[in-house]
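Reading through the structure tokens given below for one structure.
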Amino acid sequence: MSNLPITHLTLYKHGVGFFQRQGQFGGEEVVLTFRSEDMNDVLKSLTAIDDGEGQVLGVDYATPQSREERLAGNSIRLDDDRSLRDLLVGLRGRAVRLLLDQDETWEGTLLGIDELPERQPLETTPVSLLISESEQVRAAPLGRVRGVEVRDEQAAADLRFFLETALSQEDFRRVTIRLTPGDHDLAVSYVAPAPTWRVSYRLVADGDEGKALLLGWGIFDNRLEEDLEQISLSLVAGMPISFIYNLYEPAMPQRPRIEEEARVAAGPVEFAGAVDEMAPPEPMAAMAPQRFAKAAAPQLMESRRAPTRDALREATVVDTQGESLGELFQYNIGTPVTVGRGQSAMVPVVTVDIPYRKDLLYNGETLPSHPVASLRLQNESGLTLERGPVTVIDGGEYVGEAIVPFTAAGSEFVVPYAVELNVRVQERNGMGTELHGLHIEGALLIIEQWDIRWREYQVNNRSAEAMTILIEHSRDSRYELFDTPQPSEKSDEHVRFQVSVGGRGEETLRVQERRLVSRRETLQRQSYEQLQRYLRKGLIDRATHEALNGILRLWETIERHRRRVAEIGDERQKIYQSQQQIQGNMGALSGAGKEGELRARYVRQLEASEEQLTALQTDEAQQNAEIKRLEQEVERRLKELGA
């Protein structure tokens, strides 16, 4: 594939590359070699365009079979260490010309080779040939054979097929682009698997100038079987949709088998004719101090060359153009790139001075106990920054490492690079509830209360210098802050509070949040003590308190009447049981003598029980009437309260 080199390569973050090859040449075919596992992507995306005078006729590639599968049925099979012997075995019955030593030539039909015991040398194995002119059979030891001329066309074709198959490797496949005769200016492009490109950054901050140099290097690998020489390179940030579709392996779907059927000639038919019818934060009042001591002697410090911002900017030439591709962002490297086969390379993709400030950020979920020294930067590069590691250099010294997040142009990003051990933060938290208000809806009391939670951050500065710490507190849209200092800034997931602590000092930040929740209770379940508590807290006034007390007394009276109704029912049931017993006893007595007297007494008892039942019925009616009256009174008073 020397006449169609790679001229451009676009690498993505999801494991594919877009390859473009171009070249001018004469001929009727171009051969490309791909790894077997790349073929599905190549067949899905391969495009060939001839901008010269010729045309692309088609694309051929070997069927995905193993070498043994491709050679099945081939008459010529050669072993690696006895190819001449295997060739003569495969040519049995074919017309050949044997070239022997001493310039002797035999021509005829090859009969074969007589195998000798393994202990005999292979050179003594007889080779038999039927001589064409004399019909004689001659034999010569294999050691005399100096050459074989295959006179049979099929055998020659089988030999060529074996050699071509042996030439191709199992792990690679050849794709042939067939062209018309003549000169061509051919461009071929395709997608193939490629290692994802990576990016690493250097961030150089010189003192407190407010500007830092961001230097980014793109890293990629050449896993191709060829060198990349003076190609143009693009690196794409983002992640387009991509998948593997099996186009390479032949598929033979199952089909139903249909038997032939007897047919009768069809007669004439007729048809009826148709009828017409999708605010940057405020600057901090104070910055985290730089506290990295330089322990080297002055004369040594003067002799070494620190990696300053200006030196790195001048030493690295970056010719990169950024291009927005909708959901993607592309770095187009302006300098030609050369990478050898099996090699990797780093290319500069961004060098820009961007504004920054230093902060001490504390987030107990990320790192408990200590804040982190951080650089807060504004991406004014005009480029989308891909996620990658960054090494931070401040004042010519290495001060830490971090991860640059995926950042769009114009957005802020934070680089936390070192733990500030001189500051310790301890946290305490708690929760509780507090009554907020109540109101009445019918016979229900709607109670509103605050669900409160709080967290205290105790900041202890063990250094002699004053420090300012930004404490990150998680945001919850269900809760609101109260009795808490105003946050200095907000992010998508946190609010940040600024805490200034003097040298050897200590400060405490208390963050309180609350949300209003309500619950429903029946007024009838309330007690006089609860109503008195609501009155003391000012949640109800005196008139409402008295009205509710009166309603509670009415409900108590109603409950007493209902208990009396239940007692009447129990008494009535006992009388019924006594009457049944008396009536049973009377059935066994006669009307004369002592039995008659006893019977008369039972009759008088029954009459008395009937009088009791009548009295109970009257009492029950009075109780129910009073219950109804009282319930109407309760309903009236509840309406007055709700009005």
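Chain lettering (A, B, ...) mirrors the order of the structure tokens, residue numbering begins at 1 for each chain separately, and ligand numbering begins at 1 in order of display.
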Please identify all polymer residues within 12 Å of A:Val419, counting only C-alpha atoms, omitting same-chain residues fewer than 4 positions from it, and present them as a PyMOL selection string.
-> chain A and resi 288+291-292+359-363+366-374+399-402+423-424
Based on the selection just made, write C-alpha atoms of those residues as a PDB file, in the first residue's frame.
ATOM      1  CA  ALA A 288      -5.260  31.581  49.632  1.00  0.00           C
ATOM      2  CA  ARG A 291       3.120  28.544  51.001  1.00  0.00           C
ATOM      3  CA  PHE A 292       5.724  26.415  49.281  1.00  0.00           C
ATOM      4  CA  ASP A 359      -8.763  29.781  46.771  1.00  0.00           C
ATOM      5  CA  LEU A 360      -8.874  27.328  49.618  1.00  0.00           C
ATOM      6  CA  LEU A 361     -11.912  25.140  48.977  1.00  0.00           C
ATOM      7  CA  TYR A 362     -13.360  22.751  51.542  1.00  0.00           C
ATOM      8  CA  ASN A 363     -15.816  19.983  50.769  1.00  0.00           C
ATOM      9  CA  THR A 366     -14.599  15.092  48.661  1.00  0.00           C
ATOM     10  CA  LEU A 367     -11.855  15.399  51.291  1.00  0.00           C
ATOM     11  CA  PRO A 368     -12.715  15.451  55.005  1.00  0.00           C
ATOM     12  CA  SER A 369     -10.892  17.565  57.585  1.00  0.00           C
ATOM     13  CA  HIS A 370      -8.800  19.819  55.317  1.00  0.00           C
ATOM     14  CA  PRO A 371      -9.389  22.358  52.530  1.00  0.00           C
ATOM     15  CA  VAL A 372      -7.668  22.084  49.166  1.00  0.00           C
ATOM     16  CA  ALA A 373      -5.540  24.785  47.567  1.00  0.00           C
ATOM     17  CA  SER A 374      -7.175  25.463  44.203  1.00  0.00           C
ATOM     18  CA  VAL A 399       3.071  22.261  43.577  1.00  0.00           C
ATOM     19  CA  GLY A 400       0.614  19.471  42.736  1.00  0.00           C
ATOM     20  CA  GLU A 401      -1.601  17.742  40.220  1.00  0.00           C
ATOM     21  CA  ALA A 402      -5.291  17.657  39.374  1.00  0.00           C
ATOM     22  CA  VAL A 423      -6.292  24.230  58.370  1.00  0.00           C
ATOM     23  CA  ARG A 424      -8.566  21.640  59.939  1.00  0.00           C
TER      24      ARG A 424
END
Applying 12 Å and only C-alpha atoms, which residues near A:Val16 remain after dropping the ones on its own chain fewer than 5 positions away? List them as a PDB file with C-alpha atoms, in the first residue's frame.
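Writing done, so here's selection_24.pdb:
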ATOM      1  CA  LEU A   9      -6.265  11.283  10.523  1.00  0.00           C
ATOM      2  CA  THR A  10      -9.105  12.300  12.863  1.00  0.00           C
ATOM      3  CA  LEU A  11      -9.109  10.626  16.271  1.00  0.00           C
ATOM      4  CA  ASP A  38     -11.345  -3.895  11.855  1.00  0.00           C
ATOM      5  CA  ASP A  41     -16.000  -0.824  10.633  1.00  0.00           C
ATOM      6  CA  VAL A  42     -14.156  -0.595   7.310  1.00  0.00           C
ATOM      7  CA  SER A  45     -17.611   3.307   6.172  1.00  0.00           C
ATOM      8  CA  TYR A 190     -12.909   4.924   6.231  1.00  0.00           C
ATOM      9  CA  VAL A 191     -13.506   4.494   9.949  1.00  0.00           C
ATOM     10  CA  ALA A 192     -11.461   1.916  11.855  1.00  0.00           C
ATOM     11  CA  PRO A 193     -10.790   1.150  15.526  1.00  0.00           C
ATOM     12  CA  ALA A 194      -8.059   3.325  17.011  1.00  0.00           C
ATOM     13  CA  PRO A 195      -6.863   3.939  20.563  1.00  0.00           C
ATOM     14  CA  THR A 196      -8.555   6.957  22.086  1.00  0.00           C
ATOM     15  CA  TRP A 197      -6.444  10.088  22.135  1.00  0.00           C
ATOM     16  CA  PHE A 220      -2.093   9.438  20.384  1.00  0.00           C
ATOM     17  CA  ASP A 221      -0.758   6.063  19.197  1.00  0.00           C
ATOM     18  CA  ARG A 223      -1.062   0.985  15.841  1.00  0.00           C
ATOM     19  CA  LEU A 235      -8.439  15.488  17.637  1.00  0.00           C
ATOM     20  CA  VAL A 236     -12.149  15.550  18.477  1.00  0.00           C
ATOM     21  CA  MET A 239     -18.439  11.394  22.002  1.00  0.00           C
ATOM     22  CA  PRO A 240     -20.430  10.692  18.807  1.00  0.00           C
ATOM     23  CA  ILE A 241     -22.653   7.616  18.649  1.00  0.00           C
ATOM     24  CA  SER A 242     -20.773   4.600  17.292  1.00  0.00           C
ATOM     25  CA  PHE A 243     -21.344   0.847  17.129  1.00  0.00           C
ATOM     26  CA  ILE A 244     -20.127  -2.375  15.503  1.00  0.00           C
TER      27      ILE A 244
END
Point out the residue among A:Gly17, A:Pro250, A:Gly430, A:Gly23 with the least atom-to-atom distance to A:Leu4, counting only C-alpha atoms.
-> A:Gly23
Among the residues A:Leu470, A:Leu531, A:Ile447, A:Met586, the one that comes closest to A:His545 [using only C-alpha atoms] |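 Ranking A:Leu470, A:Leu531, A:Ile447, A:Met586 by distance to A:His545, first place goes to A:Leu531.
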Show which residues sit within 8 Å of A:Val634, as a VMD selection string. Count only C-alpha atoms, and ignore same-chain residues fewer than 6 positions away.
-> chain A and resid 551 554 to 555
